[in-house]
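K.L.:
This is target.cif, which holds mmCIF, C-alpha atoms:
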```cif
data_my_file
loop_
_atom_site.label_atom_id
_atom_site.label_comp_id
_atom_site.auth_asym_id
_atom_site.auth_seq_id
_atom_site.Cartn_x
_atom_site.Cartn_y
_atom_site.Cartn_z
CA MET M 1 -5.86 -25.65 19.63
CA ARG M 2 -2.57 -24.59 17.99
CA ALA M 3 -1.68 -25.02 14.32
CA CYS M 4 1.65 -24.76 12.48
CA LEU M 5 3.88 -25.26 15.52
CA ARG M 6 7.59 -24.52 15.40
CA ASP M 7 9.46 -27.85 15.49
CA GLY M 8 12.65 -26.43 16.94
CA ASP M 9 14.27 -29.60 18.22
CA GLY M 10 13.45 -31.90 15.34
CA ASP M 11 11.80 -34.64 17.40
CA GLY M 12 8.23 -33.46 17.58
CA GLY M 13 8.81 -30.75 20.14
CA GLY M 14 8.32 -27.07 19.52
CA GLY M 15 5.84 -24.52 20.67
CA GLY M 16 3.96 -21.40 19.74
CA GLY M 17 1.83 -21.87 16.66
CA SER M 18 -1.42 -20.18 15.75
CA PRO M 19 -4.32 -20.59 18.24
CA THR M 20 -7.32 -21.64 16.17
CA ALA M 21 -10.92 -22.28 17.19
CA VAL M 22 -12.31 -25.51 15.70
CA VAL M 23 -16.07 -26.03 15.99
CA CYS M 24 -17.47 -29.44 15.03
CA GLU M 25 -21.11 -29.05 13.97
CA ASP M 26 -23.81 -31.53 13.10
CA ALA M 27 -26.33 -30.72 10.37
CA GLY M 28 -28.85 -29.23 12.81
CA GLU M 29 -26.29 -26.97 14.46
CA ALA M 30 -25.02 -25.83 11.07
CA ALA M 31 -28.52 -24.82 10.04
CA GLU M 32 -29.17 -22.90 13.26
CA ALA M 33 -25.86 -21.05 13.55
CA GLY M 34 -25.94 -17.71 11.76
CA GLU M 35 -23.08 -15.83 10.15
CA ALA M 36 -22.99 -13.23 12.92
CA ALA M 37 -22.65 -15.96 15.55
CA ARG M 38 -19.79 -17.57 13.64
CA GLN M 39 -18.00 -14.22 13.36
CA ARG M 40 -18.11 -13.87 17.14
CA VAL M 41 -16.31 -17.18 17.78
CA PRO M 42 -12.74 -15.91 17.09
CA GLU M 43 -13.18 -13.02 19.53
CA THR M 44 -14.81 -15.28 22.12
CA TYR M 45 -11.90 -17.73 22.08
CA GLY M 46 -9.11 -15.21 21.51
CA THR M 47 -8.12 -16.48 18.06
CA SER M 48 -7.72 -14.76 14.71
CA HIS M 49 -9.73 -17.43 12.85
CA ALA M 50 -12.33 -20.10 13.48
CA VAL M 51 -13.06 -23.16 11.36
CA PHE M 52 -16.44 -24.89 11.37
CA VAL M 53 -16.36 -28.59 10.56
CA ARG M 54 -19.31 -30.67 9.35
CA ARG M 55 -19.22 -34.20 7.98
CA ALA M 56 -21.51 -35.03 5.04
CA GLY M 57 -21.09 -38.64 3.98
CA ASP M 58 -17.51 -39.30 2.97
CA THR M 59 -16.62 -35.60 2.76
CA VAL M 60 -15.90 -33.10 5.54
CA GLY M 61 -17.06 -29.56 4.85
CA LEU M 62 -15.06 -26.61 6.22
CA ARG M 63 -16.11 -22.98 6.66
CA PHE M 64 -13.73 -20.28 7.87
CA PHE M 65 -14.50 -17.06 9.73
CA THR M 66 -12.70 -14.09 11.23
CA SER M 67 -14.40 -11.28 13.10
CA GLY M 68 -14.65 -9.56 9.71
CA GLY M 69 -16.68 -12.31 8.02
CA GLU M 70 -16.35 -15.55 6.09
CA LEU M 71 -13.29 -16.55 4.05
CA PRO M 72 -13.28 -18.98 1.11
CA ALA M 73 -10.08 -20.60 2.43
CA CYS M 74 -7.81 -20.62 5.47
CA GLY M 75 -4.64 -22.68 5.44
CA HIS M 76 -3.83 -22.90 9.14
CA GLY M 77 -7.55 -23.41 9.80
CA THR M 78 -7.43 -26.42 7.49
CA VAL M 79 -4.38 -27.76 9.35
CA ALA M 80 -6.24 -27.32 12.64
CA ALA M 81 -9.35 -29.07 11.32
CA LEU M 82 -7.29 -31.99 10.01
CA ALA M 83 -5.66 -32.40 13.42
CA VAL M 84 -9.04 -32.52 15.17
CA LEU M 85 -10.36 -35.03 12.61
CA ALA M 86 -7.28 -37.19 13.19
CA ALA M 87 -7.81 -37.05 16.96
CA ARG M 88 -11.41 -38.23 16.51
CA GLY M 89 -11.04 -40.77 13.73
CA GLY M 90 -7.36 -41.58 13.38
CA PRO M 91 -4.71 -40.31 10.94
CA GLY M 92 -4.84 -40.76 7.20
CA PRO M 93 -6.30 -39.11 4.09
CA VAL M 94 -9.51 -37.07 4.38
CA SER M 95 -11.77 -35.75 1.62
CA LEU M 96 -12.46 -32.06 2.31
CA SER M 97 -14.77 -29.44 0.83
CA ALA M 98 -14.31 -25.69 1.22
CA GLY M 99 -14.75 -22.60 -0.90
CA GLY M 100 -16.61 -24.47 -3.62
CA ARG M 101 -13.95 -27.11 -4.26
CA ARG M 102 -13.05 -30.60 -3.05
CA PHE M 103 -9.53 -31.59 -2.12
CA THR M 104 -7.58 -34.07 -0.01
CA GLY M 105 -5.92 -33.54 3.35
CA ARG M 106 -3.68 -36.00 5.12
CA THR M 107 -2.33 -36.44 8.62
CA ALA M 108 0.32 -38.55 10.30
CA PRO M 109 1.15 -38.88 14.00
CA VAL M 110 4.34 -37.26 15.31
CA PRO M 111 6.44 -39.97 17.01
CA GLY M 112 7.00 -39.36 20.69
CA ALA M 113 4.56 -36.44 20.85
CA PRO M 114 1.04 -37.53 21.91
CA GLY M 115 -1.65 -35.21 20.62
CA ARG M 116 0.52 -33.85 17.81
CA VAL M 117 0.09 -34.58 14.13
CA ALA M 118 1.68 -33.48 10.88
CA ALA M 119 -1.06 -32.23 8.58
CA ALA M 120 -0.87 -31.23 4.91
CA PHE M 121 -3.27 -30.51 2.09
CA ASP M 122 -3.61 -29.32 -1.49
CA PRO M 123 -4.63 -25.63 -1.38
CA GLY M 124 -5.61 -25.56 -5.05
CA PRO M 125 -4.16 -23.80 -8.09
CA VAL M 126 -2.14 -20.64 -7.39
CA ALA M 127 -2.59 -17.74 -9.80
CA LEU M 128 0.27 -15.23 -10.05
CA ARG M 129 0.21 -11.76 -11.61
CA ALA M 130 1.77 -8.32 -11.37
CA LEU M 131 0.29 -5.52 -9.28
CA GLY M 132 -1.69 -3.00 -11.29
CA PRO M 133 -0.37 0.48 -12.17
CA GLY M 134 -0.70 2.92 -9.29
CA GLU M 135 -1.34 0.18 -6.70
CA GLN M 136 2.23 -0.76 -5.73
CA GLY M 137 3.26 2.66 -4.38
CA PRO M 138 0.49 2.99 -1.75
CA LEU M 139 0.93 -0.63 -0.66
CA LEU M 140 4.68 -0.36 -0.14
CA ALA M 141 4.39 3.04 1.51
CA ALA M 142 1.90 1.63 4.02
CA LEU M 143 4.36 -1.19 4.78
CA GLY M 144 7.21 1.31 5.19
CA LEU M 145 9.19 -0.18 2.27
CA ARG M 146 10.98 1.32 -0.72
CA ALA M 147 8.93 1.84 -3.86
CA ASP M 148 11.18 -0.56 -5.81
CA ALA M 149 10.59 -3.62 -3.61
CA GLU M 150 9.61 -6.75 -5.53
CA VAL M 151 5.85 -7.40 -5.41
CA ARG M 152 3.74 -10.15 -6.96
CA ILE M 153 0.04 -10.84 -6.52
CA ALA M 154 -0.92 -14.44 -5.76
CA GLY M 155 -4.35 -15.96 -5.44
CA VAL M 156 -5.54 -19.10 -3.70
CA GLY M 157 -8.95 -18.47 -2.18
CA ARG M 158 -8.37 -14.70 -2.20
CA GLU M 159 -5.52 -12.67 -3.60
CA ARG M 160 -2.71 -11.27 -1.49
CA ALA M 161 0.53 -9.40 -2.22
CA LEU M 162 3.83 -11.26 -1.94
CA VAL M 163 6.44 -8.66 -0.98
CA ALA M 164 10.17 -9.43 -0.83
CA VAL M 165 12.57 -7.95 1.74
CA PRO M 166 16.31 -8.71 1.86
CA ASP M 167 16.67 -10.29 5.30
CA ARG M 168 15.13 -11.02 8.69
CA ALA M 169 16.30 -7.74 10.18
CA ALA M 170 14.29 -5.85 7.56
CA LEU M 171 11.32 -8.14 8.17
CA TRP M 172 11.28 -7.79 11.97
CA GLY M 173 11.72 -4.02 11.64
CA LEU M 174 8.45 -3.58 9.74
CA ALA M 175 5.80 -1.46 11.46
CA PRO M 176 3.00 -1.05 8.90
CA ASP M 177 0.41 1.69 9.14
CA PRO M 178 -2.76 -0.45 9.52
CA VAL M 179 -5.16 2.20 8.26
CA ARG M 180 -3.13 3.00 5.14
CA LEU M 181 -2.41 -0.69 4.52
CA ARG M 182 -6.08 -1.61 4.68
CA ALA M 183 -6.96 1.23 2.31
CA ALA M 184 -4.25 0.13 -0.14
CA CYS M 185 -5.33 -3.52 0.06
CA ASP M 186 -9.02 -2.70 -0.30
CA ARG M 187 -8.24 -0.52 -3.32
CA ALA M 188 -6.39 -3.39 -4.98
CA GLY M 189 -8.90 -6.06 -3.90
CA LEU M 190 -6.36 -7.85 -1.69
CA LEU M 191 -6.83 -9.46 1.71
CA GLY M 192 -3.35 -8.36 2.81
CA ALA M 193 0.41 -8.51 2.30
CA TYR M 194 2.68 -11.51 2.85
CA VAL M 195 6.20 -10.12 3.36
CA TYR M 196 9.04 -12.63 3.07
CA THR M 197 12.84 -12.87 3.18
CA ALA M 198 15.17 -14.35 0.60
CA PRO M 199 15.26 -18.15 0.98
CA GLY M 200 18.37 -19.95 2.17
CA PRO M 201 19.97 -22.82 0.26
CA GLU M 202 17.51 -25.37 1.68
CA GLY M 203 14.45 -23.16 1.32
CA ALA M 204 14.45 -21.79 4.87
CA LEU M 205 13.07 -18.26 5.22
CA ALA M 206 10.85 -16.07 7.36
CA ALA M 207 7.65 -14.15 6.66
CA ARG M 208 5.01 -11.93 8.19
CA MET M 209 1.39 -11.76 6.99
CA PHE M 210 -0.57 -8.55 7.48
CA ALA M 211 -4.27 -8.99 6.65
CA PRO M 212 -6.15 -5.84 7.74
CA SER M 213 -8.84 -6.26 5.10
CA ILE M 214 -10.16 -9.38 6.86
CA GLY M 215 -9.78 -7.97 10.37
CA VAL M 216 -6.40 -9.57 11.17
CA PRO M 217 -3.64 -6.96 11.72
CA GLU M 218 -0.99 -9.72 11.65
CA ASP M 219 -1.44 -13.47 11.25
CA ILE M 220 0.69 -15.79 13.37
CA ALA M 221 0.82 -18.46 10.65
CA ASN M 222 -0.46 -18.12 7.11
CA ALA M 223 -0.42 -21.39 5.20
CA ASN M 224 -2.18 -20.23 2.03
CA GLY M 225 0.25 -17.31 1.70
CA THR M 226 3.08 -19.80 2.09
CA ALA M 227 1.55 -21.98 -0.63
CA CYS M 228 1.43 -18.93 -2.90
CA LEU M 229 5.09 -18.19 -2.20
CA ALA M 230 6.02 -21.82 -2.88
CA ALA M 231 4.37 -21.56 -6.30
CA LEU M 232 6.32 -18.38 -7.05
CA LEU M 233 9.67 -19.75 -5.86
CA GLY M 234 9.01 -23.07 -7.60
CA ARG M 235 9.26 -21.20 -10.89
CA ARG M 236 12.77 -20.22 -9.80
CA GLY M 237 13.86 -23.77 -9.09
CA ILE M 238 13.16 -23.91 -5.33
CA ALA M 239 11.10 -27.05 -4.77
CA SER M 240 10.31 -26.74 -1.05
CA ILE M 241 10.30 -24.07 1.65
CA ALA M 242 10.02 -23.92 5.44
CA VAL M 243 8.79 -20.53 6.60
CA ASP M 244 9.16 -19.19 10.14
CA MET M 245 6.33 -16.89 11.17
CA GLY M 246 4.80 -15.53 14.37
CA ASP M 247 8.04 -14.41 16.04
CA ALA M 248 7.00 -10.75 16.01
CA LEU M 249 3.87 -11.77 17.94
CA GLY M 250 5.69 -13.95 20.47
CA SER M 251 4.22 -17.18 19.10
CA PRO M 252 6.78 -18.89 16.84
CA ALA M 253 5.26 -20.91 14.03
CA THR M 254 6.51 -22.71 10.96
CA VAL M 255 4.68 -23.54 7.73
CA ALA M 256 6.12 -25.91 5.12
CA ALA M 257 5.22 -26.12 1.44
CA ALA M 258 6.49 -28.09 -1.54
CA VAL M 259 5.92 -27.99 -5.27
CA ARG M 260 5.06 -31.38 -6.72
CA PRO M 261 6.39 -32.63 -10.07
CA ASP M 262 3.09 -31.70 -11.76
CA GLY M 263 3.42 -28.10 -10.53
CA SER M 264 0.76 -28.31 -7.82
CA VAL M 265 1.54 -27.34 -4.24
CA GLU M 266 1.15 -29.11 -0.89
CA VAL M 267 1.27 -27.07 2.32
CA GLY M 268 0.96 -27.86 6.00
CA GLY M 269 2.55 -28.01 9.42
CA LEU M 270 2.46 -29.53 12.88
CA ALA M 271 -0.64 -29.19 15.01
CA GLU M 272 -1.53 -30.04 18.57
CA VAL M 273 -4.96 -31.00 19.89
CA PRO M 274 -5.37 -30.34 23.62
CA PRO M 275 -6.54 -33.32 25.69
CA GLY M 276 -10.17 -33.61 26.61
#
```
Would you mind giving the structure from this file in structure tokens?
P.N.:
Amino acid sequence: MRACLRDGDGDGGGGGGSPTAVVCEDAGEAAEAGEAARQRVPETYGTSHAVFVRRAGDTVGLRFFTSGGELPACGHGTVAALAVLAARGGPGPVSLSAGGRRFTGRTAPVPGAPGRVAAAFDPGPVALRALGPGEQGPLLAALGLRADAEVRIAGVGRERALVAVPDRAALWGLAPDPVRLRAACDRAGLLGAYVYTAPGPEGALAARMFAPSIGVPEDIANANGTACLAALLGRRGIASIAVDMGDALGSPATVAAAVRPDGSVEVGGLAEVPPG
């Protein structure tokens, strides 16, 4: 299925999005499936990530995998799982468990677009800090950016670098060195770099997420990175953002995030569940 679709015409249309494998397991299947088998699912289905869904009472447990191993969190995987749960049980709030925490997800149908839902969730607290001495230079060099580019480290699930560029032309022109970028990220304990443009007056911007340290050279849609950026920009008075991603990969996606009055963040997007 596809998560975080681009809603280009404003009426539930759009396309692209991030192909995501969603595997609904029962308790027996969850016990039998090993980690190596789960890691093979993204490659088998041609996706960057896979989410494994298992209901336990009133809570739905989620586990996320790439070919490189398990992740404590995956934003577009959560959006995809919520869409599948809505297709099976109807829209509304859902109690979720992932990465050692419980949180709420919600879905609503998209009028005039059968099979599509708007899904959103609370990704958890976002921690922000500066990059350590000696770490910024190698990271920016691997991205092909100037050494004085603005960088912040943000954590939700795992830490990533938030790297600012002036405009979309600079963003689309990026051609990172994947070997050097992975080495720089591994050295700093990061899963990757979320590179973003300056936001427009209504919070519209674009971003690209490079995550070589989890086996994903570039992510089509990265919801947790967008949640991290929302927390950063919220401190600057920007309450909500809509981030275009995936264009460099030929699969346009959009992720939306908003900072609530209490300072927490909600993030999500449109998703489509194929029939059958």
K.L.:
Point out the residue among M:Arg6, M:Arg187, M:Arg116, M:His49 with the least atom-to-atom distance to Gly246 (chain M), counting all atoms listed in the file.
P.N.:
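Of the candidates, the smallest distance to Gly246 (chain M) is held by M:Arg6.
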K.L.:
Per residue of region 44-117 of chain M within 8 Å of region 260-275 of chain M, what are the shortest atom pair and its distance in Å to one decimal, counting only C-alpha atoms, with rows by chain and residue number, as JSON lines?
P.N.:
```
{"residue": "M:Gly75", "atom": "CA", "partner": "M:Gly268", "partner_atom": "CA", "distance": 7.6}
{"residue": "M:His76", "atom": "CA", "partner": "M:Gly268", "partner_atom": "CA", "distance": 7.6}
{"residue": "M:Val79", "atom": "CA", "partner": "M:Gly268", "partner_atom": "CA", "distance": 6.3}
{"residue": "M:Ala80", "atom": "CA", "partner": "M:Ala271", "partner_atom": "CA", "distance": 6.4}
{"residue": "M:Ala83", "atom": "CA", "partner": "M:Ala271", "partner_atom": "CA", "distance": 6.2}
{"residue": "M:Val84", "atom": "CA", "partner": "M:Val273", "partner_atom": "CA", "distance": 6.4}
{"residue": "M:Ala87", "atom": "CA", "partner": "M:Val273", "partner_atom": "CA", "distance": 7.3}
{"residue": "M:Gly115", "atom": "CA", "partner": "M:Val273", "partner_atom": "CA", "distance": 5.4}
{"residue": "M:Arg116", "atom": "CA", "partner": "M:Glu272", "partner_atom": "CA", "distance": 4.4}
{"residue": "M:Val117", "atom": "CA", "partner": "M:Ala271", "partner_atom": "CA", "distance": 5.5}
```
K.L.:
What is the CA of Arg168 (chain M)-CA of Arg2 (chain M) distance in Å, reported with one decimal?
P.N.:
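According to the coordinates, CA of Arg168 (chain M) and CA of Arg2 (chain M) are separated by 24.2 Å.
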K.L.:
So how many Å separate CA of Leu205 (chain M) and CA of Met245 (chain M), to one decimal?
P.N.:
9.1 Å
K.L.:
So what do you get for CA of Ala161 (chain M) versus CA of Gly16 (chain M), distance-wise?
P.N.:
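If I compute the distance from CA of Ala161 (chain M) to CA of Gly16 (chain M), I get 25.3 Å.
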K.L.:
Using the chain letters and residue numbers of this document, give as an mmCIF file with C-alpha atoms, keeping the file's coordinate frame the residues selected by the PyMOL selection byres ((chain M and resi 63) around 12).
P.N.:
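So the final result, stored in expr_31.cif, reads:
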```cif
data_model
loop_
_atom_site.group_PDB
_atom_site.id
_atom_site.type_symbol
_atom_site.label_atom_id
_atom_site.label_comp_id
_atom_site.auth_asym_id
_atom_site.auth_seq_id
_atom_site.Cartn_x
_atom_site.Cartn_y
_atom_site.Cartn_z
ATOM 1 C CA ALA M 21 -10.920 -22.280 17.190
ATOM 2 C CA VAL M 22 -12.310 -25.510 15.700
ATOM 3 C CA VAL M 23 -16.070 -26.030 15.990
ATOM 4 C CA CYS M 24 -17.470 -29.440 15.030
ATOM 5 C CA GLU M 25 -21.110 -29.050 13.970
ATOM 6 C CA ALA M 30 -25.020 -25.830 11.070
ATOM 7 C CA GLU M 35 -23.080 -15.830 10.150
ATOM 8 C CA ARG M 38 -19.790 -17.570 13.640
ATOM 9 C CA GLN M 39 -18.000 -14.220 13.360
ATOM 10 C CA HIS M 49 -9.730 -17.430 12.850
ATOM 11 C CA ALA M 50 -12.330 -20.100 13.480
ATOM 12 C CA VAL M 51 -13.060 -23.160 11.360
ATOM 13 C CA PHE M 52 -16.440 -24.890 11.370
ATOM 14 C CA VAL M 53 -16.360 -28.590 10.560
ATOM 15 C CA ARG M 54 -19.310 -30.670 9.350
ATOM 16 C CA ARG M 55 -19.220 -34.200 7.980
ATOM 17 C CA VAL M 60 -15.900 -33.100 5.540
ATOM 18 C CA GLY M 61 -17.060 -29.560 4.850
ATOM 19 C CA LEU M 62 -15.060 -26.610 6.220
ATOM 20 C CA PHE M 64 -13.730 -20.280 7.870
ATOM 21 C CA PHE M 65 -14.500 -17.060 9.730
ATOM 22 C CA THR M 66 -12.700 -14.090 11.230
ATOM 23 C CA GLY M 69 -16.680 -12.310 8.020
ATOM 24 C CA GLU M 70 -16.350 -15.550 6.090
ATOM 25 C CA LEU M 71 -13.290 -16.550 4.050
ATOM 26 C CA PRO M 72 -13.280 -18.980 1.110
ATOM 27 C CA ALA M 73 -10.080 -20.600 2.430
ATOM 28 C CA CYS M 74 -7.810 -20.620 5.470
ATOM 29 C CA GLY M 75 -4.640 -22.680 5.440
ATOM 30 C CA GLY M 77 -7.550 -23.410 9.800
ATOM 31 C CA THR M 78 -7.430 -26.420 7.490
ATOM 32 C CA ALA M 81 -9.350 -29.070 11.320
ATOM 33 C CA LEU M 96 -12.460 -32.060 2.310
ATOM 34 C CA SER M 97 -14.770 -29.440 0.830
ATOM 35 C CA ALA M 98 -14.310 -25.690 1.220
ATOM 36 C CA GLY M 99 -14.750 -22.600 -0.900
ATOM 37 C CA GLY M 100 -16.610 -24.470 -3.620
ATOM 38 C CA ARG M 101 -13.950 -27.110 -4.260
#
```
K.L.:
Determine the nearest neighbour of Glu135 (chain M) from the options M:Pro176, M:Pro114, M:Pro166, M:Gly189, counting only C-alpha atoms.
P.N.:
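So, comparing all the options, the nearest one is M:Gly189.
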K.L.:
Residues within 9 Å of (9.4, -24.2, 6.0), file coordinates, counting only C-alpha atoms: what are they? Give the list as a list in words.
P.N.:
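It turns out the residues near that spot are Gly203, Ala204, Leu205, Ala206, Thr226, Ser240, Ile241, Ala242, Val243, Asp244, Thr254, Val255, Ala256, Ala257, Ala258 and Gly269 of chain M.
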K.L.:
May I have the protein, DNA and RNA residues with an atom at most 10 Å from (9.3, -19.6, -5.0), counting all atoms listed in the file in the file's coordinates, returned as number ranges by chain?
P.N.:
M: 198-199, 203, 226-241, 258-259
K.L.:
Specify as a PDB file with C-alpha atoms, in the coordinates of the input each residue included when the PyMOL selection byres ((chain M and resi 105) around 8) is applied to this file.
P.N.:
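Contents of selection_23.pdb, as written:
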```pdb
ATOM      1  CA  LEU M  82      -7.290 -31.990  10.010  1.00  0.00           C
ATOM      2  CA  PRO M  93      -6.300 -39.110   4.090  1.00  0.00           C
ATOM      3  CA  VAL M  94      -9.510 -37.070   4.380  1.00  0.00           C
ATOM      4  CA  SER M  95     -11.770 -35.750   1.620  1.00  0.00           C
ATOM      5  CA  LEU M  96     -12.460 -32.060   2.310  1.00  0.00           C
ATOM      6  CA  PHE M 103      -9.530 -31.590  -2.120  1.00  0.00           C
ATOM      7  CA  THR M 104      -7.580 -34.070  -0.010  1.00  0.00           C
ATOM      8  CA  ARG M 106      -3.680 -36.000   5.120  1.00  0.00           C
ATOM      9  CA  THR M 107      -2.330 -36.440   8.620  1.00  0.00           C
ATOM     10  CA  ALA M 119      -1.060 -32.230   8.580  1.00  0.00           C
ATOM     11  CA  ALA M 120      -0.870 -31.230   4.910  1.00  0.00           C
ATOM     12  CA  PHE M 121      -3.270 -30.510   2.090  1.00  0.00           C
ATOM     13  CA  ASP M 122      -3.610 -29.320  -1.490  1.00  0.00           C
TER      14      ASP M 122
END
```
K.L.:
For this file, the PyMOL selection byres ((chain M and resi 130) around 9) selects which residues, as a PyMOL selection string?
P.N.:
chain M and resi 128-129+131-132+151-154
K.L.:
For Asp7 (chain M), which of M:Ala118, M:Leu139, M:Val41, M:Leu174 is the closest residue, counting only C-alpha atoms?
P.N.:
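Of the candidates, the smallest distance to Asp7 (chain M) is held by M:Ala118.
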